[in-house]
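Only one structure is covered here, and it is reproduced in the block below.
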Amino acid sequence: MHIAFYAPLKSPNHPVPSGDRQMARLLMAAMQRAGHKVEIASELRSFTGTPEAGARQQVALQAENEAKRLATKWRQGAKPDLWFCYHPYYKAPDLIGPKLASLFNLPYVTAEASYSRRRDETGWAELQLLVSDAVRQAVVNICFTKRDEAGLAAAVPGVHLARLEPFIDVLPFASEPSNQNPRRLVTVAMMRPGDKLESYSMLAEALALIEDVPWTLTVIGDGPARDAVWALFAKFSAGRVQWLGEKPATEVVHLLYEGGTYVWPGTGEAYGIAYMEAQAAGLPVVAQKTAGVPEVVKDGVTGTLTPAGDTLAFAHAIAQMLGDGARRHKLGRSARRFILQDRSLDVASRRLDILLRNFTGAGL
């Protein structure tokens with residue numbers, strides 16, 4: 001099939017690295033690996049930070065112009081077979097695809113769409129309606145987590161849903177781990193206000209509780225909240241925390257291989273690609289049992305998940321991982337096997353291809 005791909009929050013070509021951009025690229029790669037032609041339909045970012053009418057109107061006008069541009073292009077003979085929208089939600093709804101799909105009689109598909117009823121009470125009801133209408137129109141809405149699946153089912157009764165587990169490209173992790181430092185904790189995360197800063201704060205508080213335990217922390221990431229993050233860890237002695245900033249993907253893989261345990265609370269995480277990459281490198285994970293984290297980390301099998309908001313339990317789990325080499329090694333091996341066998345690009349490509357063909361009738 002010729003698939004028109006659109007990510008309203010952040011294009012796969014966006015210059016700022018993020019999990020959202022990375023998953024968009026992975027989805028495109030999965031469909032291409034299955035033999036489909038995938039083309040980015042538009043680079044328009046429909047994101048609005050506030051629900052005020054002025055901000056919405058400006059984006060709506062841009063979307064209208066994009067829809068006209070694509071309609072003209074398609075009438076000249078370049079019409080796709082399918083519109084695939086990745087991650088529409090209340091701040092970044094798909095303002096282009098549903099209209100074009102109706103106009104050209106195309107199957108409309110979403111992946112990782114989400115709906116939050118509580119946002120209706122904070123001024124976002126009009127944009128949320130656009131999301132629910134798009135979800136209702138879709139021949140299938142592909143969900144990565146049980147939480148998103150339940151949310152869509154409750155918001156739009158009778159909606160067509162399917163599951164696709166989160167995945168990564170495991171090729172960079174083909175080498176067996178051989179140079180791990182059992183005392184080195186690793187985390188990879190952007191530094192921005194909100195959930196990320198809250199996770200950094202919890203991590204700093206937890207490590208302060210086990211300051212007498214031998215450990216070092218390697219932090220990979222950067223962002224607008226860098227100064228605030230650094231301030232949280234200023235209490236630790238020199239050399240305990242290594243700040244590496246943003247690193248290219250290939251270097252991140254190398255640094256993960258040198259770690260011993262991956263630590264990140266994961267407040268508000270949709271699921272966390274970084275967790276899967278760490279496990280592929282053979283690192284067990286310590287995180288909270290919250291949001292979408294349990295979708296990618298198996299508690300007691302590939303890592304330890306602690307109760308949400310329990311800093312003491314989080315600190316204890318890190319200390320236990322540092323102090324029990326046999327357990328850490330066992331969990332790390334299991335983590336690597338889990339990702340390489342169950343959450344690879346190849347596995348996702350086959351599953352996604354079956355979903356698209358079953359729900360669109362293509363190739364049947």
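All residue names refer to the structure tokens as shown: chains lettered A, B, ... in order, residues numbered from 1 in each chain, ligands numbered from 1 in order.
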
Within 8 Å of Tyr89 of chain A, counting only C-alpha atoms, which residues show up once you throw out same-chain ones fewer than 3 positions away? Write them as an MDAnalysis selection string, please.
-> chainID A and resid 92:93 113:115 128 131

Output N, CA and C atoms of each residue in that selection to a file, as a PDB file, in the first residue's frame.
ATOM      1  N   ALA A  92      -2.754  18.143  20.154  1.00  0.00           N
ATOM      2  CA  ALA A  92      -2.288  18.000  18.767  1.00  0.00           C
ATOM      3  C   ALA A  92      -3.216  17.052  18.010  1.00  0.00           C
ATOM      4  N   PRO A  93      -4.443  17.480  17.736  1.00  0.00           N
ATOM      5  CA  PRO A  93      -5.366  16.631  16.973  1.00  0.00           C
ATOM      6  C   PRO A  93      -4.987  16.607  15.494  1.00  0.00           C
ATOM      7  N   ALA A 113      -3.479   7.053  19.707  1.00  0.00           N
ATOM      8  CA  ALA A 113      -4.432   8.127  19.997  1.00  0.00           C
ATOM      9  C   ALA A 113      -4.805   8.046  21.473  1.00  0.00           C
ATOM     10  N   SER A 114      -5.097   9.187  22.075  1.00  0.00           N
ATOM     11  CA  SER A 114      -5.491   9.164  23.492  1.00  0.00           C
ATOM     12  C   SER A 114      -6.579  10.189  23.743  1.00  0.00           C
ATOM     13  N   TYR A 115      -7.388   9.895  24.756  1.00  0.00           N
ATOM     14  CA  TYR A 115      -8.505  10.774  25.128  1.00  0.00           C
ATOM     15  C   TYR A 115      -8.582  10.833  26.643  1.00  0.00           C
ATOM     16  N   GLN A 128     -10.773  18.080  22.032  1.00  0.00           N
ATOM     17  CA  GLN A 128     -10.976  16.663  22.362  1.00  0.00           C
ATOM     18  C   GLN A 128     -12.058  16.051  21.467  1.00  0.00           C
ATOM     19  N   VAL A 131     -10.581  14.833  18.376  1.00  0.00           N
ATOM     20  CA  VAL A 131      -9.892  13.554  18.571  1.00  0.00           C
ATOM     21  C   VAL A 131     -10.899  12.412  18.573  1.00  0.00           C
TER      22      VAL A 131
END

Of the candidates A:Ala134, A:Val297, A:Ala206, A:Val16, which one gets nearest to Ala317 of chain A if we count only C-alpha atoms?
->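 Result for the nearest residue to Ala317 of chain A: A:Ala206.
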
Residues within 6 Å of segment 95-102 of chain A, only C-alpha atoms, excluding chain neighbours under 3 positions, as a list of chain:residue names |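 Residues meeting the cut-off are A:Ala63, A:Ala67, A:Asn105, A:Leu106.
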
Selected residues written out with all heavy atoms, as a PDB file, in the first residue's frame:
ATOM      1  N   ALA A  63      -3.832  24.236   8.720  1.00  0.00           N
ATOM      2  CA  ALA A  63      -4.280  22.881   8.376  1.00  0.00           C
ATOM      3  C   ALA A  63      -5.188  22.903   7.156  1.00  0.00           C
ATOM      4  O   ALA A  63      -5.112  22.017   6.293  1.00  0.00           O
ATOM      5  CB  ALA A  63      -5.013  22.260   9.561  1.00  0.00           C
ATOM      6  N   ALA A  67      -4.531  20.860   3.732  1.00  0.00           N
ATOM      7  CA  ALA A  67      -5.518  19.945   3.163  1.00  0.00           C
ATOM      8  C   ALA A  67      -5.778  20.285   1.692  1.00  0.00           C
ATOM      9  O   ALA A  67      -5.878  19.394   0.844  1.00  0.00           O
ATOM     10  CB  ALA A  67      -6.817  20.003   3.961  1.00  0.00           C
ATOM     11  N   ASN A 105     -12.297   8.977   0.103  1.00  0.00           N
ATOM     12  CA  ASN A 105     -12.743   7.626   0.444  1.00  0.00           C
ATOM     13  C   ASN A 105     -11.570   6.711   0.792  1.00  0.00           C
ATOM     14  O   ASN A 105     -11.437   5.597   0.282  1.00  0.00           O
ATOM     15  CB  ASN A 105     -13.554   7.024  -0.712  1.00  0.00           C
ATOM     16  CG  ASN A 105     -14.325   5.782  -0.292  1.00  0.00           C
ATOM     17  OD1 ASN A 105     -14.721   5.644   0.876  1.00  0.00           O
ATOM     18  ND2 ASN A 105     -14.540   4.870  -1.214  1.00  0.00           N
ATOM     19  N   LEU A 106     -10.697   7.192   1.703  1.00  0.00           N
ATOM     20  CA  LEU A 106      -9.525   6.438   2.131  1.00  0.00           C
ATOM     21  C   LEU A 106      -9.741   5.848   3.522  1.00  0.00           C
ATOM     22  O   LEU A 106     -10.378   6.483   4.371  1.00  0.00           O
ATOM     23  CB  LEU A 106      -8.292   7.341   2.204  1.00  0.00           C
ATOM     24  CG  LEU A 106      -7.850   8.074   0.947  1.00  0.00           C
ATOM     25  CD1 LEU A 106      -6.622   8.924   1.269  1.00  0.00           C
ATOM     26  CD2 LEU A 106      -7.547   7.085  -0.165  1.00  0.00           C
TER      27      LEU A 106
END

Can you tell me, as a VMD selection string, what residues are no more than 8 Å from segment 33-44 of chain A when counting only C-alpha atoms, ignoring any on the same chain fewer than 2 positions away?
-> chain A and resid 1 to 8 11 13 28 to 31 46 62 to 63 66 70 346 349 to 350 353

Output of the above residues as a tab-separated table (two decimals), in the first residue's frame, restricted to N, CA and C atoms:
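Result file result.tsv:
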chain	number	residue	atom	x	y	z
A	1	MET	N	0.83	-1.20	0.00
A	1	MET	CA	0.00	0.00	0.00
A	1	MET	C	0.86	1.25	0.00
A	2	HIS	N	0.32	2.31	-0.53
A	2	HIS	CA	0.93	3.64	-0.45
A	2	HIS	C	0.30	4.34	0.75
A	3	ILE	N	1.09	4.58	1.79
A	3	ILE	CA	0.56	5.09	3.06
A	3	ILE	C	0.99	6.53	3.28
A	4	ALA	N	0.01	7.40	3.51
A	4	ALA	CA	0.28	8.79	3.88
A	4	ALA	C	0.42	8.84	5.39
A	5	PHE	N	1.60	9.17	5.88
A	5	PHE	CA	1.90	9.16	7.32
A	5	PHE	C	1.90	10.59	7.85
A	6	TYR	N	1.24	10.77	9.00
A	6	TYR	CA	1.18	12.11	9.58
A	6	TYR	C	1.27	12.03	11.10
A	7	ALA	N	2.16	12.83	11.69
A	7	ALA	CA	2.32	12.93	13.14
A	7	ALA	C	2.06	14.38	13.54
A	8	PRO	N	0.86	14.72	13.99
A	8	PRO	CA	0.51	16.12	14.25
A	8	PRO	C	1.29	16.77	15.38
A	11	SER	N	6.74	15.93	13.69
A	11	SER	CA	7.10	15.18	12.49
A	11	SER	C	8.30	14.27	12.76
A	13	ASN	N	10.71	14.14	11.08
A	13	ASN	CA	11.88	14.95	10.68
A	13	ASN	C	12.17	16.11	11.63
A	28	MET	N	7.11	4.10	10.78
A	28	MET	CA	7.36	4.18	9.34
A	28	MET	C	8.27	3.04	8.88
A	29	ALA	N	9.32	2.78	9.66
A	29	ALA	CA	10.25	1.70	9.32
A	29	ALA	C	9.56	0.34	9.33
A	30	ALA	N	8.66	0.14	10.29
A	30	ALA	CA	7.94	-1.13	10.39
A	30	ALA	C	7.06	-1.37	9.17
A	31	MET	N	6.39	-0.32	8.71
A	31	MET	CA	5.53	-0.47	7.54
A	31	MET	C	6.35	-0.63	6.27
A	46	SER	N	0.43	20.56	14.59
A	46	SER	CA	-0.85	21.13	15.01
A	46	SER	C	-0.89	21.41	16.51
A	62	GLN	N	-3.76	26.99	8.98
A	62	GLN	CA	-2.62	26.31	8.36
A	62	GLN	C	-3.03	24.91	7.90
A	63	ALA	N	-3.83	24.24	8.72
A	63	ALA	CA	-4.28	22.88	8.38
A	63	ALA	C	-5.19	22.90	7.16
A	66	GLU	N	-3.02	23.17	4.16
A	66	GLU	CA	-2.35	21.90	3.91
A	66	GLU	C	-3.30	20.90	3.26
A	70	LEU	N	-2.73	19.11	-0.41
A	70	LEU	CA	-2.71	17.67	-0.61
A	70	LEU	C	-3.82	17.21	-1.55
A	346	ASP	N	11.23	-6.21	13.69
A	346	ASP	CA	10.74	-7.29	12.83
A	346	ASP	C	9.41	-7.83	13.33
A	349	SER	N	6.74	-5.21	12.76
A	349	SER	CA	6.43	-5.05	11.34
A	349	SER	C	5.42	-6.10	10.88
A	350	ARG	N	5.64	-7.34	11.29
A	350	ARG	CA	4.70	-8.40	10.90
A	350	ARG	C	3.32	-8.18	11.52
A	353	ASP	N	1.58	-5.09	9.87
A	353	ASP	CA	1.13	-5.41	8.51
A	353	ASP	C	-0.16	-6.21	8.53

Contacts of His160 of chain A at 10 Å or less, counting only C-alpha atoms, minus same-chain residues fewer than 2 places along, as a list in words?
->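 Non-adjacent residues within range: Val109, Val135, Arg136, Gln137, Ala138, Val139, Val140, Asn141, Ile142, Leu152, Ala153, Val156, Pro157, Gly158, Ala162 and Phe359 of chain A.
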
Limited to all heavy atoms, could you put the picked residues into a file as an mmCIF file, in the first residue's frame?
data_model
loop_
_atom_site.group_PDB
_atom_site.id
_atom_site.type_symbol
_atom_site.label_atom_id
_atom_site.label_comp_id
_atom_site.auth_asym_id
_atom_site.auth_seq_id
_atom_site.Cartn_x
_atom_site.Cartn_y
_atom_site.Cartn_z
ATOM 1 N N VAL A 109 -6.498 5.509 9.779
ATOM 2 C CA VAL A 109 -5.966 4.705 10.878
ATOM 3 C C VAL A 109 -5.249 5.623 11.866
ATOM 4 O O VAL A 109 -4.561 6.566 11.461
ATOM 5 C CB VAL A 109 -4.974 3.640 10.348
ATOM 6 C CG1 VAL A 109 -4.285 2.908 11.503
ATOM 7 C CG2 VAL A 109 -5.683 2.651 9.441
ATOM 8 N N VAL A 135 -11.146 9.271 15.966
ATOM 9 C CA VAL A 135 -11.075 7.889 16.461
ATOM 10 C C VAL A 135 -12.288 7.091 15.998
ATOM 11 O O VAL A 135 -12.184 5.928 15.611
ATOM 12 C CB VAL A 135 -10.963 7.897 18.005
ATOM 13 C CG1 VAL A 135 -11.256 6.517 18.581
ATOM 14 C CG2 VAL A 135 -9.577 8.376 18.434
ATOM 15 N N ARG A 136 -13.427 7.740 16.012
ATOM 16 C CA ARG A 136 -14.666 7.081 15.569
ATOM 17 C C ARG A 136 -14.616 6.790 14.066
ATOM 18 O O ARG A 136 -15.115 5.760 13.595
ATOM 19 C CB ARG A 136 -15.865 7.968 15.903
ATOM 20 C CG ARG A 136 -17.224 7.308 15.650
ATOM 21 C CD ARG A 136 -18.361 8.220 16.070
ATOM 22 N NE ARG A 136 -18.388 8.428 17.510
ATOM 23 C CZ ARG A 136 -18.045 9.555 18.126
ATOM 24 N NH1 ARG A 136 -17.595 10.599 17.410
ATOM 25 N NH2 ARG A 136 -18.107 9.668 19.436
ATOM 26 N N GLN A 137 -14.008 7.669 13.314
ATOM 27 C CA GLN A 137 -13.913 7.496 11.859
ATOM 28 C C GLN A 137 -12.936 6.390 11.475
ATOM 29 O O GLN A 137 -13.090 5.749 10.427
ATOM 30 C CB GLN A 137 -13.478 8.817 11.210
ATOM 31 C CG GLN A 137 -13.307 8.753 9.693
ATOM 32 C CD GLN A 137 -12.890 10.099 9.114
ATOM 33 O OE1 GLN A 137 -13.098 11.143 9.733
ATOM 34 N NE2 GLN A 137 -12.304 10.094 7.926
ATOM 35 N N ALA A 138 -11.928 6.161 12.297
ATOM 36 C CA ALA A 138 -10.849 5.243 11.949
ATOM 37 C C ALA A 138 -11.345 3.805 11.768
ATOM 38 O O ALA A 138 -12.180 3.317 12.540
ATOM 39 C CB ALA A 138 -9.767 5.270 13.022
ATOM 40 N N VAL A 139 -10.795 3.133 10.763
ATOM 41 C CA VAL A 139 -11.109 1.712 10.580
ATOM 42 C C VAL A 139 -10.465 0.897 11.681
ATOM 43 O O VAL A 139 -10.935 -0.198 12.024
ATOM 44 C CB VAL A 139 -10.650 1.199 9.195
ATOM 45 C CG1 VAL A 139 -11.431 1.888 8.085
ATOM 46 C CG2 VAL A 139 -9.141 1.386 9.007
ATOM 47 N N VAL A 140 -9.381 1.416 12.268
ATOM 48 C CA VAL A 140 -8.774 0.803 13.444
ATOM 49 C C VAL A 140 -7.923 1.849 14.159
ATOM 50 O O VAL A 140 -7.305 2.705 13.528
ATOM 51 C CB VAL A 140 -7.902 -0.424 13.072
ATOM 52 C CG1 VAL A 140 -6.719 -0.032 12.188
ATOM 53 C CG2 VAL A 140 -7.418 -1.149 14.320
ATOM 54 N N ASN A 141 -7.951 1.773 15.487
ATOM 55 C CA ASN A 141 -7.106 2.611 16.326
ATOM 56 C C ASN A 141 -6.124 1.683 17.051
ATOM 57 O O ASN A 141 -6.531 0.857 17.871
ATOM 58 C CB ASN A 141 -7.948 3.382 17.338
ATOM 59 C CG ASN A 141 -8.917 4.335 16.674
ATOM 60 O OD1 ASN A 141 -8.557 5.441 16.294
ATOM 61 N ND2 ASN A 141 -10.171 3.907 16.519
ATOM 62 N N ILE A 142 -4.859 1.818 16.720
ATOM 63 C CA ILE A 142 -3.835 0.925 17.253
ATOM 64 C C ILE A 142 -3.315 1.494 18.569
ATOM 65 O O ILE A 142 -2.807 2.622 18.616
ATOM 66 C CB ILE A 142 -2.691 0.759 16.237
ATOM 67 C CG1 ILE A 142 -3.239 0.162 14.938
ATOM 68 C CG2 ILE A 142 -1.583 -0.111 16.808
ATOM 69 C CD1 ILE A 142 -2.264 0.198 13.781
ATOM 70 N N LEU A 152 -9.915 5.069 25.203
ATOM 71 C CA LEU A 152 -10.642 5.226 23.944
ATOM 72 C C LEU A 152 -11.960 4.461 23.974
ATOM 73 O O LEU A 152 -12.983 4.952 23.485
ATOM 74 C CB LEU A 152 -9.779 4.740 22.770
ATOM 75 C CG LEU A 152 -8.530 5.541 22.444
ATOM 76 C CD1 LEU A 152 -7.849 4.975 21.201
ATOM 77 C CD2 LEU A 152 -8.848 7.020 22.235
ATOM 78 N N ALA A 153 -11.941 3.271 24.536
ATOM 79 C CA ALA A 153 -13.164 2.462 24.598
ATOM 80 C C ALA A 153 -14.235 3.154 25.432
ATOM 81 O O ALA A 153 -15.425 3.098 25.104
ATOM 82 C CB ALA A 153 -12.844 1.083 25.170
ATOM 83 N N VAL A 156 -15.325 6.559 23.376
ATOM 84 C CA VAL A 156 -16.009 6.354 22.089
ATOM 85 C C VAL A 156 -16.497 4.896 22.024
ATOM 86 O O VAL A 156 -15.812 4.035 21.478
ATOM 87 C CB VAL A 156 -15.069 6.653 20.903
ATOM 88 C CG1 VAL A 156 -15.850 6.684 19.590
ATOM 89 C CG2 VAL A 156 -14.315 7.964 21.110
ATOM 90 N N PRO A 157 -17.656 4.610 22.589
ATOM 91 C CA PRO A 157 -18.172 3.235 22.592
ATOM 92 C C PRO A 157 -18.276 2.656 21.176
ATOM 93 O O PRO A 157 -18.672 3.351 20.240
ATOM 94 C CB PRO A 157 -19.552 3.378 23.236
ATOM 95 C CG PRO A 157 -19.456 4.620 24.072
ATOM 96 C CD PRO A 157 -18.554 5.534 23.300
ATOM 97 N N GLY A 158 -17.878 1.403 21.042
ATOM 98 C CA GLY A 158 -17.968 0.737 19.750
ATOM 99 C C GLY A 158 -16.814 1.020 18.822
ATOM 100 O O GLY A 158 -16.811 0.571 17.677
ATOM 101 N N ALA A 162 -7.176 -2.110 18.380
ATOM 102 C CA ALA A 162 -6.249 -3.232 18.246
ATOM 103 C C ALA A 162 -4.992 -2.891 19.037
ATOM 104 O O ALA A 162 -4.681 -1.715 19.245
ATOM 105 C CB ALA A 162 -5.902 -3.502 16.785
ATOM 106 N N PHE A 359 -7.833 -4.794 8.660
ATOM 107 C CA PHE A 359 -8.831 -3.743 8.881
ATOM 108 C C PHE A 359 -9.122 -2.905 7.634
ATOM 109 O O PHE A 359 -10.134 -2.212 7.575
ATOM 110 C CB PHE A 359 -8.400 -2.842 10.035
ATOM 111 C CG PHE A 359 -8.666 -3.438 11.392
ATOM 112 C CD1 PHE A 359 -7.673 -4.130 12.057
ATOM 113 C CD2 PHE A 359 -9.918 -3.330 11.980
ATOM 114 C CE1 PHE A 359 -7.901 -4.684 13.314
ATOM 115 C CE2 PHE A 359 -10.171 -3.882 13.217
ATOM 116 C CZ PHE A 359 -9.161 -4.569 13.891
#

Extract, using only C-alpha atoms, all DNA, RNA and protein residues at most 8 Å from segment 259-268 of chain A, discarding same-chain residues fewer than 6 positions from it, and format them as a PDB file with C-alpha atoms, in the first residue's frame.
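Saved result, around_11.pdb, follows:
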ATOM      1  CA  GLN A 180      29.162  -3.654  32.344  1.00  0.00           C
ATOM      2  CA  ASN A 181      29.992  -1.671  35.475  1.00  0.00           C
ATOM      3  CA  PRO A 182      27.799  -3.096  38.261  1.00  0.00           C
ATOM      4  CA  ARG A 183      27.971   0.127  40.288  1.00  0.00           C
ATOM      5  CA  ARG A 184      27.053   2.432  37.429  1.00  0.00           C
ATOM      6  CA  LEU A 185      23.462   3.629  37.306  1.00  0.00           C
ATOM      7  CA  VAL A 186      22.297   5.065  33.990  1.00  0.00           C
ATOM      8  CA  THR A 187      19.389   7.235  32.962  1.00  0.00           C
ATOM      9  CA  ASP A 195       6.802  14.907  34.482  1.00  0.00           C
ATOM     10  CA  LYS A 196      10.470  14.756  33.452  1.00  0.00           C
ATOM     11  CA  GLU A 198       9.391  15.403  38.673  1.00  0.00           C
ATOM     12  CA  SER A 199      11.148  12.134  37.832  1.00  0.00           C
ATOM     13  CA  TYR A 200      14.569  13.761  38.172  1.00  0.00           C
ATOM     14  CA  MET A 202      12.378  11.714  42.777  1.00  0.00           C
ATOM     15  CA  LEU A 203      15.597  10.107  41.517  1.00  0.00           C
ATOM     16  CA  TYR A 275      13.442   1.508  29.024  1.00  0.00           C
ATOM     17  CA  ALA A 278      18.303  -0.187  28.242  1.00  0.00           C
ATOM     18  CA  LEU A 283      20.368  -3.641  31.915  1.00  0.00           C
ATOM     19  CA  PRO A 284      17.702  -4.413  34.499  1.00  0.00           C
ATOM     20  CA  VAL A 285      15.370  -1.500  35.216  1.00  0.00           C
ATOM     21  CA  VAL A 286      14.245   0.200  38.410  1.00  0.00           C
ATOM     22  CA  ALA A 287      11.140   2.338  37.826  1.00  0.00           C
ATOM     23  CA  GLN A 288       7.732   3.116  39.246  1.00  0.00           C
ATOM     24  CA  THR A 290       2.847   3.777  36.946  1.00  0.00           C
ATOM     25  CA  ALA A 291       1.339   5.018  33.686  1.00  0.00           C
ATOM     26  CA  GLY A 292       2.575   2.898  30.756  1.00  0.00           C
ATOM     27  CA  VAL A 293       5.822   1.672  32.328  1.00  0.00           C
ATOM     28  CA  PHE A 314      12.358   3.301  44.866  1.00  0.00           C
ATOM     29  CA  ILE A 318      18.054   0.578  43.600  1.00  0.00           C
ATOM     30  CA  MET A 321      19.910  -4.123  42.620  1.00  0.00           C
ATOM     31  CA  LEU A 322      23.348  -2.730  43.461  1.00  0.00           C
ATOM     32  CA  ARG A 328      20.949  -8.091  38.721  1.00  0.00           C
TER      33      ARG A 328
END

Considering only C-alpha atoms, return as a ChimeraX atom specification whatever protein or nucleic-acid residues lie within 12 Å of Asp342 of chain A, sequence-local ones (same chain, fewer than 2 positions apart) excluded.
-> /A:164-170,276,279-280,296,334-340,344-351

Would you save the residues from that selection as a compact mmCIF listing (two decimals), in the first residue's frame, using C-alpha atoms?
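This is the output file result36.txt:
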# COMPACT_ATOMS: atom_id res chain seq x y z
CA LEU A 164 0.53 -3.33 19.13
CA GLU A 165 3.13 -3.61 21.87
CA PRO A 166 5.78 -0.85 21.98
CA PHE A 167 8.95 -1.83 20.14
CA ILE A 168 12.44 -0.71 19.08
CA ASP A 169 14.99 -1.49 16.40
CA VAL A 170 17.18 -4.09 18.12
CA MET A 276 13.37 -0.87 26.07
CA GLN A 279 16.90 -3.70 28.52
CA ALA A 280 18.14 -4.56 25.02
CA VAL A 296 7.65 -2.37 28.70
CA SER A 334 15.92 -11.71 30.98
CA ALA A 335 15.44 -8.06 30.00
CA ARG A 336 17.65 -8.43 26.95
CA ARG A 337 15.91 -11.62 25.86
CA PHE A 338 12.47 -10.01 26.32
CA ILE A 339 13.23 -7.05 24.07
CA LEU A 340 15.17 -8.92 21.39
CA SER A 344 11.81 -5.98 17.93
CA LEU A 345 11.13 -4.02 14.76
CA ASP A 346 10.74 -7.29 12.83
CA VAL A 347 8.07 -8.59 15.21
CA ALA A 348 6.21 -5.26 15.14
CA SER A 349 6.43 -5.05 11.34
CA ARG A 350 4.70 -8.40 10.90
CA ARG A 351 2.03 -7.59 13.48
